[in-house]
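Structure file run.pdb with PDB, C-alpha atoms, pLDDT in the B column:
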ATOM      1  CA  ASP A   1       9.878 -18.993  -3.272  1.00 56.00           C
ATOM      2  CA  GLY A   2      10.369 -15.962  -1.076  1.00 65.00           C
ATOM      3  CA  GLY A   3       7.351 -13.839  -0.500  1.00 93.00           C
ATOM      4  CA  ILE A   4       4.451 -12.768   1.614  1.00 96.00           C
ATOM      5  CA  THR A   5       1.446 -15.051   1.932  1.00 96.00           C
ATOM      6  CA  GLN A   6      -2.027 -14.178   3.058  1.00 97.00           C
ATOM      7  CA  SER A   7      -4.689 -16.723   3.813  1.00 93.00           C
ATOM      8  CA  PRO A   8      -7.439 -17.387   3.160  1.00 93.00           C
ATOM      9  CA  LYS A   9      -8.120 -15.533  -0.096  1.00 94.00           C
ATOM     10  CA  TYR A  10     -11.842 -15.316   0.642  1.00 95.00           C
ATOM     11  CA  LEU A  11     -13.423 -15.352   4.077  1.00 95.00           C
ATOM     12  CA  PHE A  12     -17.029 -15.185   5.198  1.00 94.00           C
ATOM     13  CA  ARG A  13     -18.008 -14.254   8.694  1.00 91.00           C
ATOM     14  CA  LYS A  14     -21.279 -14.032  10.552  1.00 92.00           C
ATOM     15  CA  GLU A  15     -22.049 -10.835  12.357  1.00 90.00           C
ATOM     16  CA  GLY A  16     -20.818 -10.868  15.933  1.00 89.00           C
ATOM     17  CA  GLN A  17     -17.974 -13.293  15.286  1.00 92.00           C
ATOM     18  CA  ASN A  18     -14.263 -12.606  15.519  1.00 95.00           C
ATOM     19  CA  VAL A  19     -12.099 -13.758  12.641  1.00 95.00           C
ATOM     20  CA  THR A  20      -8.322 -13.938  12.201  1.00 96.00           C
ATOM     21  CA  LEU A  21      -6.520 -13.249   8.931  1.00 97.00           C
ATOM     22  CA  SER A  22      -3.134 -14.839   8.449  1.00 97.00           C
ATOM     23  CA  CYS A  23      -0.014 -13.106   7.087  1.00 98.00           C
ATOM     24  CA  GLU A  24       3.327 -14.878   6.792  1.00 97.00           C
ATOM     25  CA  GLN A  25       6.567 -13.699   5.177  1.00 97.00           C
ATOM     26  CA  ASN A  26       9.838 -15.512   4.565  1.00 96.00           C
ATOM     27  CA  LEU A  27      11.726 -12.420   3.419  1.00 95.00           C
ATOM     28  CA  ASN A  28      13.348 -11.824   6.813  1.00 95.00           C
ATOM     29  CA  HIS A  29      11.713  -8.397   6.917  1.00 94.00           C
ATOM     30  CA  ASP A  30      11.531  -6.476  10.174  1.00 92.00           C
ATOM     31  CA  ALA A  31       8.485  -4.350   9.413  1.00 92.00           C
ATOM     32  CA  MET A  32       4.983  -5.602   8.675  1.00 94.00           C
ATOM     33  CA  TYR A  33       1.732  -3.758   7.950  1.00 94.00           C
ATOM     34  CA  TRP A  34      -2.006  -4.328   7.652  1.00 97.00           C
ATOM     35  CA  TYR A  35      -4.144  -2.200   5.343  1.00 96.00           C
ATOM     36  CA  ARG A  36      -7.819  -2.110   4.569  1.00 96.00           C
ATOM     37  CA  GLN A  37      -9.113  -1.276   1.093  1.00 94.00           C
ATOM     38  CA  ASP A  38     -12.728  -0.489   0.290  1.00 90.00           C
ATOM     39  CA  PRO A  39     -14.054  -0.490  -3.308  1.00 83.00           C
ATOM     40  CA  GLY A  40     -12.668   2.383  -5.346  1.00 79.00           C
ATOM     41  CA  GLN A  41     -10.628   3.607  -2.420  1.00 82.00           C
ATOM     42  CA  GLY A  42      -7.016   3.806  -1.390  1.00 87.00           C
ATOM     43  CA  LEU A  43      -5.326   1.787   1.318  1.00 92.00           C
ATOM     44  CA  ARG A  44      -5.835   2.755   4.936  1.00 92.00           C
ATOM     45  CA  LEU A  45      -3.382   1.655   7.595  1.00 92.00           C
ATOM     46  CA  ILE A  46      -4.802  -0.494  10.404  1.00 96.00           C
ATOM     47  CA  TYR A  47      -1.710  -1.586  12.354  1.00 95.00           C
ATOM     48  CA  TYR A  48       2.001  -1.846  11.735  1.00 92.00           C
ATOM     49  CA  SER A  49       4.943  -3.465  13.453  1.00 93.00           C
ATOM     50  CA  GLN A  50       8.551  -2.371  13.208  1.00 90.00           C
ATOM     51  CA  ILE A  51       9.969  -5.287  15.172  1.00 90.00           C
ATOM     52  CA  VAL A  52       8.957  -8.479  16.931  1.00 94.00           C
ATOM     53  CA  ASN A  53       6.814  -8.013  20.050  1.00 95.00           C
ATOM     54  CA  ASP A  54       6.044  -4.413  19.140  1.00 93.00           C
ATOM     55  CA  PHE A  55       3.271  -2.854  17.082  1.00 94.00           C
ATOM     56  CA  GLN A  56       1.520   0.497  16.673  1.00 92.00           C
ATOM     57  CA  LYS A  57      -1.969   1.581  15.742  1.00 93.00           C
ATOM     58  CA  GLY A  58      -2.523   3.006  12.310  1.00 91.00           C
ATOM     59  CA  ASP A  59      -5.293   5.350  11.253  1.00 90.00           C
ATOM     60  CA  ILE A  60      -8.215   2.934  11.621  1.00 95.00           C
ATOM     61  CA  ALA A  61      -7.255   0.495  14.414  1.00 97.00           C
ATOM     62  CA  GLU A  62     -10.612   0.462  16.204  1.00 96.00           C
ATOM     63  CA  GLY A  63     -12.211  -2.995  16.102  1.00 97.00           C
ATOM     64  CA  TYR A  64      -8.972  -4.731  15.112  1.00 98.00           C
ATOM     65  CA  SER A  65      -6.164  -6.405  17.028  1.00 98.00           C
ATOM     66  CA  VAL A  66      -2.769  -7.831  16.058  1.00 98.00           C
ATOM     67  CA  SER A  67       0.152  -9.740  17.510  1.00 98.00           C
ATOM     68  CA  ARG A  68       3.784 -10.055  16.471  1.00 98.00           C
ATOM     69  CA  GLU A  69       5.204 -12.992  18.389  1.00 98.00           C
ATOM     70  CA  LYS A  70       7.384 -14.128  15.498  1.00 97.00           C
ATOM     71  CA  LYS A  71       9.252 -12.150  12.870  1.00 97.00           C
ATOM     72  CA  GLU A  72       7.566 -14.068  10.067  1.00 97.00           C
ATOM     73  CA  SER A  73       3.982 -13.720  11.243  1.00 98.00           C
ATOM     74  CA  PHE A  74       1.611 -10.789  11.790  1.00 98.00           C
ATOM     75  CA  PRO A  75      -1.985 -12.045  12.168  1.00 98.00           C
ATOM     76  CA  LEU A  76      -4.902  -9.612  12.177  1.00 98.00           C
ATOM     77  CA  THR A  77      -8.065 -10.260  14.176  1.00 97.00           C
ATOM     78  CA  VAL A  78     -11.218  -8.511  13.071  1.00 97.00           C
ATOM     79  CA  THR A  79     -13.391  -8.334  16.164  1.00 95.00           C
ATOM     80  CA  SER A  80     -17.127  -7.982  16.535  1.00 91.00           C
ATOM     81  CA  ALA A  81     -16.493  -4.380  17.563  1.00 90.00           C
ATOM     82  CA  GLN A  82     -15.592  -3.485  13.966  1.00 91.00           C
ATOM     83  CA  LYS A  83     -18.804  -1.952  12.655  1.00 90.00           C
ATOM     84  CA  ASN A  84     -18.211  -2.442   8.938  1.00 92.00           C
ATOM     85  CA  PRO A  85     -15.663  -5.213   8.444  1.00 95.00           C
ATOM     86  CA  THR A  86     -16.482  -6.171   4.845  1.00 96.00           C
ATOM     87  CA  ALA A  87     -13.411  -5.127   2.864  1.00 96.00           C
ATOM     88  CA  PHE A  88     -10.244  -6.239   1.100  1.00 96.00           C
ATOM     89  CA  TYR A  89      -7.404  -6.687   3.605  1.00 98.00           C
ATOM     90  CA  LEU A  90      -3.785  -6.377   2.521  1.00 97.00           C
ATOM     91  CA  CYS A  91      -0.675  -7.333   4.439  1.00 97.00           C
ATOM     92  CA  ALA A  92       2.754  -5.991   3.569  1.00 95.00           C
ATOM     93  CA  SER A  93       6.309  -6.232   4.794  1.00 94.00           C
ATOM     94  CA  SER A  94       9.524  -4.264   4.336  1.00 91.00           C
ATOM     95  CA  ILE A  95      13.139  -4.728   5.351  1.00 88.00           C
ATOM     96  CA  TYR A  96      12.998  -1.578   7.441  1.00 79.00           C
ATOM     97  CA  VAL A  97      10.286   0.988   7.996  1.00 72.00           C
ATOM     98  CA  ASP A  98      11.698   3.366   5.373  1.00 73.00           C
ATOM     99  CA  THR A  99      12.123   0.939   2.483  1.00 82.00           C
ATOM    100  CA  GLU A 100       9.668  -0.321  -0.087  1.00 87.00           C
ATOM    101  CA  ALA A 101       6.870  -2.532   1.171  1.00 90.00           C
ATOM    102  CA  PHE A 102       5.928  -5.751  -0.593  1.00 93.00           C
ATOM    103  CA  PHE A 103       2.320  -6.865  -0.521  1.00 95.00           C
ATOM    104  CA  GLY A 104       0.493 -10.143  -0.268  1.00 96.00           C
ATOM    105  CA  GLN A 105      -2.415 -10.950  -2.562  1.00 95.00           C
ATOM    106  CA  GLY A 106      -5.029  -9.946  -0.030  1.00 96.00           C
ATOM    107  CA  THR A 107      -7.953 -11.485   1.830  1.00 97.00           C
ATOM    108  CA  ARG A 108     -11.479 -10.487   0.897  1.00 96.00           C
ATOM    109  CA  LEU A 109     -13.635 -10.569   4.016  1.00 96.00           C
ATOM    110  CA  THR A 110     -17.413 -10.568   3.733  1.00 96.00           C
ATOM    111  CA  VAL A 111     -19.784 -10.364   6.673  1.00 92.00           C
ATOM    112  CA  VAL A 112     -22.974 -12.329   6.078  1.00 87.00           C
TER     113      VAL A 112
ATOM    114  CA  GLY B   1      -3.339  15.426   9.396  1.00 32.00           C
ATOM    115  CA  GLU B   2      -0.976  14.292   6.702  1.00 36.00           C
ATOM    116  CA  SER B   3      -2.477  13.166   3.429  1.00 46.00           C
ATOM    117  CA  VAL B   4      -1.418  12.040   0.026  1.00 56.00           C
ATOM    118  CA  GLY B   5      -3.782  12.784  -2.788  1.00 53.00           C
ATOM    119  CA  LEU B   6      -4.000  12.280  -6.504  1.00 46.00           C
ATOM    120  CA  HIS B   7      -5.256  14.960  -8.846  1.00 46.00           C
ATOM    121  CA  LEU B   8      -7.251  12.796 -11.278  1.00 51.00           C
ATOM    122  CA  PRO B   9      -9.248   9.692 -10.449  1.00 85.00           C
ATOM    123  CA  THR B  10      -9.157   8.312 -14.038  1.00 91.00           C
ATOM    124  CA  LEU B  11      -6.687   8.770 -16.867  1.00 93.00           C
ATOM    125  CA  SER B  12      -7.413   7.443 -20.335  1.00 95.00           C
ATOM    126  CA  VAL B  13      -4.582   7.255 -22.892  1.00 96.00           C
ATOM    127  CA  GLN B  14      -4.001   5.775 -26.300  1.00 97.00           C
ATOM    128  CA  GLU B  15      -1.701   2.789 -26.582  1.00 97.00           C
ATOM    129  CA  GLY B  16       1.778   3.984 -27.398  1.00 97.00           C
ATOM    130  CA  ASP B  17       1.329   7.419 -25.866  1.00 97.00           C
ATOM    131  CA  ASN B  18       3.078   8.570 -22.722  1.00 97.00           C
ATOM    132  CA  SER B  19       1.131   8.696 -19.456  1.00 97.00           C
ATOM    133  CA  ILE B  20       1.627  11.081 -16.574  1.00 96.00           C
ATOM    134  CA  ILE B  21       0.030  10.381 -13.209  1.00 95.00           C
ATOM    135  CA  ASN B  22       0.231  13.066 -10.555  1.00 94.00           C
ATOM    136  CA  CYS B  23       0.273  13.040  -6.790  1.00 93.00           C
ATOM    137  CA  ALA B  24       0.255  15.786  -4.171  1.00 91.00           C
ATOM    138  CA  TYR B  25       1.515  15.263  -0.655  1.00 87.00           C
ATOM    139  CA  SER B  26       1.073  17.523   2.304  1.00 77.00           C
ATOM    140  CA  ASN B  27       3.725  16.417   4.804  1.00 84.00           C
ATOM    141  CA  SER B  28       6.998  18.238   4.268  1.00 84.00           C
ATOM    142  CA  ALA B  29       8.705  15.770   6.631  1.00 84.00           C
ATOM    143  CA  SER B  30       8.113  12.877   4.222  1.00 88.00           C
ATOM    144  CA  ASP B  31      11.431  11.678   2.871  1.00 88.00           C
ATOM    145  CA  TYR B  32      10.589   8.605   0.860  1.00 91.00           C
ATOM    146  CA  PHE B  33       7.990   8.069  -1.849  1.00 94.00           C
ATOM    147  CA  ILE B  34       6.823   4.987  -3.683  1.00 94.00           C
ATOM    148  CA  TRP B  35       4.621   4.306  -6.684  1.00 96.00           C
ATOM    149  CA  TYR B  36       2.548   1.124  -6.759  1.00 96.00           C
ATOM    150  CA  LYS B  37       0.451  -0.539  -9.440  1.00 97.00           C
ATOM    151  CA  GLN B  38      -2.608  -2.526  -8.449  1.00 95.00           C
ATOM    152  CA  GLU B  39      -4.504  -4.826 -10.781  1.00 94.00           C
ATOM    153  CA  SER B  40      -8.043  -5.846  -9.964  1.00 90.00           C
ATOM    154  CA  GLY B  41      -8.290  -8.257  -7.027  1.00 89.00           C
ATOM    155  CA  LYS B  42      -4.542  -8.299  -6.399  1.00 92.00           C
ATOM    156  CA  GLY B  43      -2.125  -6.710  -3.995  1.00 94.00           C
ATOM    157  CA  PRO B  44      -0.190  -3.585  -5.044  1.00 94.00           C
ATOM    158  CA  GLN B  45       3.092  -4.119  -6.871  1.00 95.00           C
ATOM    159  CA  PHE B  46       6.116  -1.905  -6.364  1.00 94.00           C
ATOM    160  CA  ILE B  47       7.004   0.148  -9.448  1.00 96.00           C
ATOM    161  CA  ILE B  48       9.599   2.694  -8.451  1.00 96.00           C
ATOM    162  CA  ASP B  49      10.656   4.763  -5.467  1.00 95.00           C
ATOM    163  CA  ILE B  50      12.481   8.017  -4.803  1.00 95.00           C
ATOM    164  CA  ARG B  51      14.022   9.632  -1.759  1.00 92.00           C
ATOM    165  CA  SER B  52      13.764  13.280  -0.903  1.00 92.00           C
ATOM    166  CA  ASN B  53      17.421  13.965  -1.750  1.00 94.00           C
ATOM    167  CA  MET B  54      16.623  13.288  -5.422  1.00 96.00           C
ATOM    168  CA  ASP B  55      14.309  14.989  -7.892  1.00 97.00           C
ATOM    169  CA  LYS B  56      14.227  12.361 -10.615  1.00 98.00           C
ATOM    170  CA  ARG B  57      14.641   8.637 -10.903  1.00 98.00           C
ATOM    171  CA  GLN B  58      14.272   6.420 -13.949  1.00 97.00           C
ATOM    172  CA  GLY B  59      13.351   2.800 -14.328  1.00 95.00           C
ATOM    173  CA  GLN B  60      12.380   0.714 -17.284  1.00 93.00           C
ATOM    174  CA  ARG B  61       9.765   2.813 -19.145  1.00 96.00           C
ATOM    175  CA  VAL B  62       8.939   4.680 -15.940  1.00 98.00           C
ATOM    176  CA  THR B  63      10.239   7.904 -14.457  1.00 98.00           C
ATOM    177  CA  VAL B  64       9.347   9.458 -11.128  1.00 98.00           C
ATOM    178  CA  LEU B  65       9.736  13.185 -10.595  1.00 98.00           C
ATOM    179  CA  LEU B  66       9.725  14.828  -7.190  1.00 97.00           C
ATOM    180  CA  ASN B  67       9.181  18.537  -6.658  1.00 96.00           C
ATOM    181  CA  LYS B  68       9.637  19.228  -2.967  1.00 92.00           C
ATOM    182  CA  THR B  69       8.952  22.935  -3.360  1.00 93.00           C
ATOM    183  CA  VAL B  70       5.330  22.314  -4.270  1.00 93.00           C
ATOM    184  CA  LYS B  71       5.111  18.849  -2.685  1.00 92.00           C
ATOM    185  CA  HIS B  72       4.306  17.146  -5.930  1.00 94.00           C
ATOM    186  CA  LEU B  73       5.169  13.718  -7.261  1.00 95.00           C
ATOM    187  CA  SER B  74       4.554  12.338 -10.721  1.00 97.00           C
ATOM    188  CA  LEU B  75       4.886   9.010 -12.485  1.00 97.00           C
ATOM    189  CA  GLN B  76       5.606   9.018 -16.187  1.00 98.00           C
ATOM    190  CA  ILE B  77       5.064   5.864 -18.217  1.00 98.00           C
ATOM    191  CA  ALA B  78       6.593   5.841 -21.678  1.00 98.00           C
ATOM    192  CA  ALA B  79       4.904   4.095 -24.606  1.00 97.00           C
ATOM    193  CA  THR B  80       1.929   2.993 -22.546  1.00 97.00           C
ATOM    194  CA  GLN B  81       0.785  -0.569 -23.181  1.00 97.00           C
ATOM    195  CA  PRO B  82      -2.536  -2.354 -22.501  1.00 96.00           C
ATOM    196  CA  GLY B  83      -0.830  -4.232 -19.678  1.00 96.00           C
ATOM    197  CA  ASP B  84      -0.286  -0.915 -17.925  1.00 97.00           C
ATOM    198  CA  SER B  85      -4.028  -0.607 -17.306  1.00 97.00           C
ATOM    199  CA  ALA B  86      -4.444  -0.651 -13.532  1.00 96.00           C
ATOM    200  CA  VAL B  87      -4.867   1.606 -10.525  1.00 95.00           C
ATOM    201  CA  TYR B  88      -1.742   3.527  -9.559  1.00 96.00           C
ATOM    202  CA  PHE B  89      -1.078   4.684  -6.022  1.00 94.00           C
ATOM    203  CA  CYS B  90       1.567   6.944  -4.631  1.00 94.00           C
ATOM    204  CA  ALA B  91       2.638   6.444  -1.048  1.00 92.00           C
ATOM    205  CA  GLU B  92       4.729   8.536   1.293  1.00 90.00           C
ATOM    206  CA  ASN B  93       6.814   7.437   4.221  1.00 85.00           C
ATOM    207  CA  MET B  94       8.136   9.719   6.889  1.00 70.00           C
ATOM    208  CA  GLY B  95      10.894   7.240   7.561  1.00 59.00           C
ATOM    209  CA  SER B  96      12.503   6.021  10.726  1.00 54.00           C
ATOM    210  CA  SER B  97      12.737   9.597  11.997  1.00 53.00           C
ATOM    211  CA  ASN B  98       8.998   9.438  12.525  1.00 52.00           C
ATOM    212  CA  THR B  99       6.615   6.568  12.949  1.00 59.00           C
ATOM    213  CA  GLY B 100       7.554   4.808   9.749  1.00 63.00           C
ATOM    214  CA  LYS B 101       3.978   4.843   8.534  1.00 75.00           C
ATOM    215  CA  LEU B 102       3.438   4.305   4.840  1.00 83.00           C
ATOM    216  CA  ILE B 103       0.479   6.455   3.779  1.00 85.00           C
ATOM    217  CA  PHE B 104      -1.328   5.896   0.481  1.00 88.00           C
ATOM    218  CA  GLY B 105      -3.262   8.226  -1.779  1.00 84.00           C
ATOM    219  CA  GLN B 106      -6.669   7.442  -3.274  1.00 82.00           C
ATOM    220  CA  GLY B 107      -5.340   6.116  -6.561  1.00 90.00           C
ATOM    221  CA  THR B 108      -5.626   6.921 -10.273  1.00 93.00           C
ATOM    222  CA  THR B 109      -7.142   4.455 -12.678  1.00 94.00           C
ATOM    223  CA  LEU B 110      -5.167   4.259 -15.911  1.00 96.00           C
ATOM    224  CA  GLN B 111      -7.142   3.043 -18.930  1.00 96.00           C
ATOM    225  CA  VAL B 112      -5.181   2.252 -22.075  1.00 96.00           C
ATOM    226  CA  LYS B 113      -7.157   2.337 -25.316  1.00 94.00           C
ATOM    227  CA  PRO B 114      -5.927   0.057 -28.109  1.00 89.00           C
TER     228      PRO B 114
END
Can you give me the file's structure in the form of structure tokens?
Amino acid sequence: DGGITQSPKYLFRKEGQNVTLSCEQNLNHDAMYWYRQDPGQGLRLIYYSQIVNDFQKGDIAEGYSVSREKKESFPLTVTSAQKNPTAFYLCASSIYVDTEAFFGQGTRLTVV
Amino acid sequence: GESVGLHLPTLSVQEGDNSIINCAYSNSASDYFIWYKQESGKGPQFIIDIRSNMDKRQGQRVTVLLNKTVKHLSLQIAATQPGDSAVYFCAENMGSSNTGKLIFGQGTTLQVKP
């Protein structure tokens, strides 16, 4: 099955710890994105990557980091510097930056 | 900065009626627009898209209208069904001529009454 896979579905983190969210796609898409969604809110862009080994900050990049070493993978690290990390995190990919993006099923991160 | 916004946070319709969900965008450089449907606890699903060189596009039971003069986008759902109940987001993309960011609006919750 072709698609975009996020793991884990639920993640719990202690305050002060870094945590990495996985995002893998086998669609051969160039562009990948990370969004954050808070309850009752829209999606806010954290980071995006148009091509391997390149990525740009979105609107709320502070406290997050990413890497794009492989075309298929775009992991997101939520660092201890992120003041309010509890949220629903969504990864997406698209063939090019100006085509429709396809989303994974999300990772719900809770800080305990 | 650029923003995409929706006029109504919640829309309640009777099953079988037509639904219209509206969206306003502020960036005149945006050249590509997408509507997504999101069910609770899931990722958004692509519904339909439209480029700025068009003013209307039809899919199965859905139509998107684009009015570039007033920077307005709408999604029309014909014969709304209970399975259409979800949150609907519009998104705008300034395309490869800019940063390629895909910016989302706040969303409209569609409630379908049986």
**Request:** Let me know the residues the ChimeraX specification (/B :<6) & /A catches in the file above, as JSON, numbers by chain.
**Result:** {"A": [41, 42, 43, 97, 98, 103, 104, 105, 106]}
**Request:** Excluding Leu21 (chain A) and residues on its chain fewer than 4 positions from it, collect all residues at most 9 Å away from it, counting only C-alpha atoms, and give them as a PyMOL selection string.
**Result:** chain A and resi 6-8+11+74-78+89+107
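Note that the spacing between CA of Tyr96 (chain A) and CA of Pro39 (chain A) amounts to 29.1 Å.
Pairwise distance (CA of Tyr47 (chain A), CA of Glu24 (chain A)) equals 15.3 Å.
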**Request:** Could you give me, as a PyMOL selection string, the residues that sit within 9 Å of (-0.4, 5.1, -27.2) in the file's coordinates, counting all atoms listed in the file?
**Result:** chain B and resi 13-19+78-81+112-114
Keeping only C-alpha atoms, write those residues as a tab-separated table (two decimals), in the coordinates of the input.
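The new file out_21.tsv reads:
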chain	number	residue	atom	x	y	z
B	13	VAL	CA	-4.58	7.26	-22.89
B	14	GLN	CA	-4.00	5.78	-26.30
B	15	GLU	CA	-1.70	2.79	-26.58
B	16	GLY	CA	1.78	3.98	-27.40
B	17	ASP	CA	1.33	7.42	-25.87
B	18	ASN	CA	3.08	8.57	-22.72
B	19	SER	CA	1.13	8.70	-19.46
B	78	ALA	CA	6.59	5.84	-21.68
B	79	ALA	CA	4.90	4.10	-24.61
B	80	THR	CA	1.93	2.99	-22.55
B	81	GLN	CA	0.78	-0.57	-23.18
B	112	VAL	CA	-5.18	2.25	-22.08
B	113	LYS	CA	-7.16	2.34	-25.32
B	114	PRO	CA	-5.93	0.06	-28.11
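In this model, the gap between CA of His29 (chain A) and CA of Tyr48 (chain A) comes to 12.7 Å.
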Using N, CA, C and O atoms, give me region 12-30 of chain B from the structure I just pasted, as an mmCIF file, in the first residue's frame.
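Generated file (out.cif):
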data_model
loop_
_atom_site.group_PDB
_atom_site.id
_atom_site.type_symbol
_atom_site.label_atom_id
_atom_site.label_comp_id
_atom_site.auth_asym_id
_atom_site.auth_seq_id
_atom_site.Cartn_x
_atom_site.Cartn_y
_atom_site.Cartn_z
ATOM 1 N N SER B 12 -24.806 23.814 10.370
ATOM 2 C CA SER B 12 -25.710 22.701 10.614
ATOM 3 C C SER B 12 -26.722 22.626 9.480
ATOM 4 O O SER B 12 -27.378 23.617 9.167
ATOM 5 N N VAL B 13 -26.836 21.460 8.834
ATOM 6 C CA VAL B 13 -27.745 21.307 7.697
ATOM 7 C C VAL B 13 -28.553 20.030 7.860
ATOM 8 O O VAL B 13 -28.157 19.100 8.566
ATOM 9 N N GLN B 14 -29.657 19.991 7.177
ATOM 10 C CA GLN B 14 -30.512 18.814 7.171
ATOM 11 C C GLN B 14 -30.008 17.839 6.118
ATOM 12 O O GLN B 14 -29.549 18.251 5.037
ATOM 13 N N GLU B 15 -30.069 16.568 6.443
ATOM 14 C CA GLU B 15 -29.671 15.544 5.475
ATOM 15 C C GLU B 15 -30.440 15.743 4.171
ATOM 16 O O GLU B 15 -31.657 15.964 4.176
ATOM 17 N N GLY B 16 -29.723 15.686 3.082
ATOM 18 C CA GLY B 16 -30.349 15.858 1.782
ATOM 19 C C GLY B 16 -30.259 17.271 1.234
ATOM 20 O O GLY B 16 -30.384 17.475 0.016
ATOM 21 N N ASP B 17 -30.049 18.233 2.125
ATOM 22 C CA ASP B 17 -29.893 19.616 1.669
ATOM 23 C C ASP B 17 -28.492 19.832 1.111
ATOM 24 O O ASP B 17 -27.587 19.020 1.319
ATOM 25 N N ASN B 18 -28.331 20.956 0.434
ATOM 26 C CA ASN B 18 -26.999 21.339 -0.041
ATOM 27 C C ASN B 18 -26.280 22.155 1.033
ATOM 28 O O ASN B 18 -26.915 22.909 1.767
ATOM 29 N N SER B 19 -24.976 21.991 1.102
ATOM 30 C CA SER B 19 -24.162 22.739 2.073
ATOM 31 C C SER B 19 -23.208 23.662 1.324
ATOM 32 O O SER B 19 -22.681 23.292 0.274
ATOM 33 N N ILE B 20 -22.995 24.830 1.897
ATOM 34 C CA ILE B 20 -22.013 25.751 1.333
ATOM 35 C C ILE B 20 -21.089 26.209 2.454
ATOM 36 O O ILE B 20 -21.535 26.785 3.448
ATOM 37 N N ILE B 21 -19.821 25.947 2.289
ATOM 38 C CA ILE B 21 -18.810 26.344 3.271
ATOM 39 C C ILE B 21 -17.920 27.389 2.617
ATOM 40 O O ILE B 21 -17.435 27.187 1.497
ATOM 41 N N ASN B 22 -17.721 28.484 3.314
ATOM 42 C CA ASN B 22 -16.998 29.621 2.745
ATOM 43 C C ASN B 22 -15.616 29.794 3.327
ATOM 44 O O ASN B 22 -15.333 29.377 4.450
ATOM 45 N N CYS B 23 -14.773 30.455 2.560
ATOM 46 C CA CYS B 23 -13.399 30.698 2.977
ATOM 47 C C CYS B 23 -12.926 32.000 2.348
ATOM 48 O O CYS B 23 -13.165 32.242 1.171
ATOM 49 N N ALA B 24 -12.258 32.832 3.158
ATOM 50 C CA ALA B 24 -11.664 34.057 2.652
ATOM 51 C C ALA B 24 -10.153 33.928 2.736
ATOM 52 O O ALA B 24 -9.634 33.417 3.721
ATOM 53 N N TYR B 25 -9.463 34.397 1.717
ATOM 54 C CA TYR B 25 -8.013 34.394 1.771
ATOM 55 C C TYR B 25 -7.517 35.808 1.523
ATOM 56 O O TYR B 25 -8.218 36.623 0.916
ATOM 57 N N SER B 26 -6.333 36.079 2.022
ATOM 58 C CA SER B 26 -5.872 37.466 1.978
ATOM 59 C C SER B 26 -4.685 37.668 1.045
ATOM 60 O O SER B 26 -4.337 38.798 0.734
ATOM 61 N N ASN B 27 -4.055 36.570 0.586
ATOM 62 C CA ASN B 27 -2.856 36.726 -0.226
ATOM 63 C C ASN B 27 -3.200 36.633 -1.703
ATOM 64 O O ASN B 27 -3.529 35.560 -2.214
ATOM 65 N N SER B 28 -3.108 37.734 -2.403
ATOM 66 C CA SER B 28 -3.465 37.746 -3.819
ATOM 67 C C SER B 28 -2.469 36.951 -4.672
ATOM 68 O O SER B 28 -2.760 36.621 -5.822
ATOM 69 N N ALA B 29 -1.307 36.621 -4.103
ATOM 70 C CA ALA B 29 -0.319 35.837 -4.846
ATOM 71 C C ALA B 29 -0.614 34.342 -4.804
ATOM 72 O O ALA B 29 -0.008 33.556 -5.535
ATOM 73 N N SER B 30 -1.552 33.924 -3.965
ATOM 74 C CA SER B 30 -1.888 32.501 -3.880
ATOM 75 C C SER B 30 -2.472 32.035 -5.195
ATOM 76 O O SER B 30 -3.337 32.700 -5.767
#
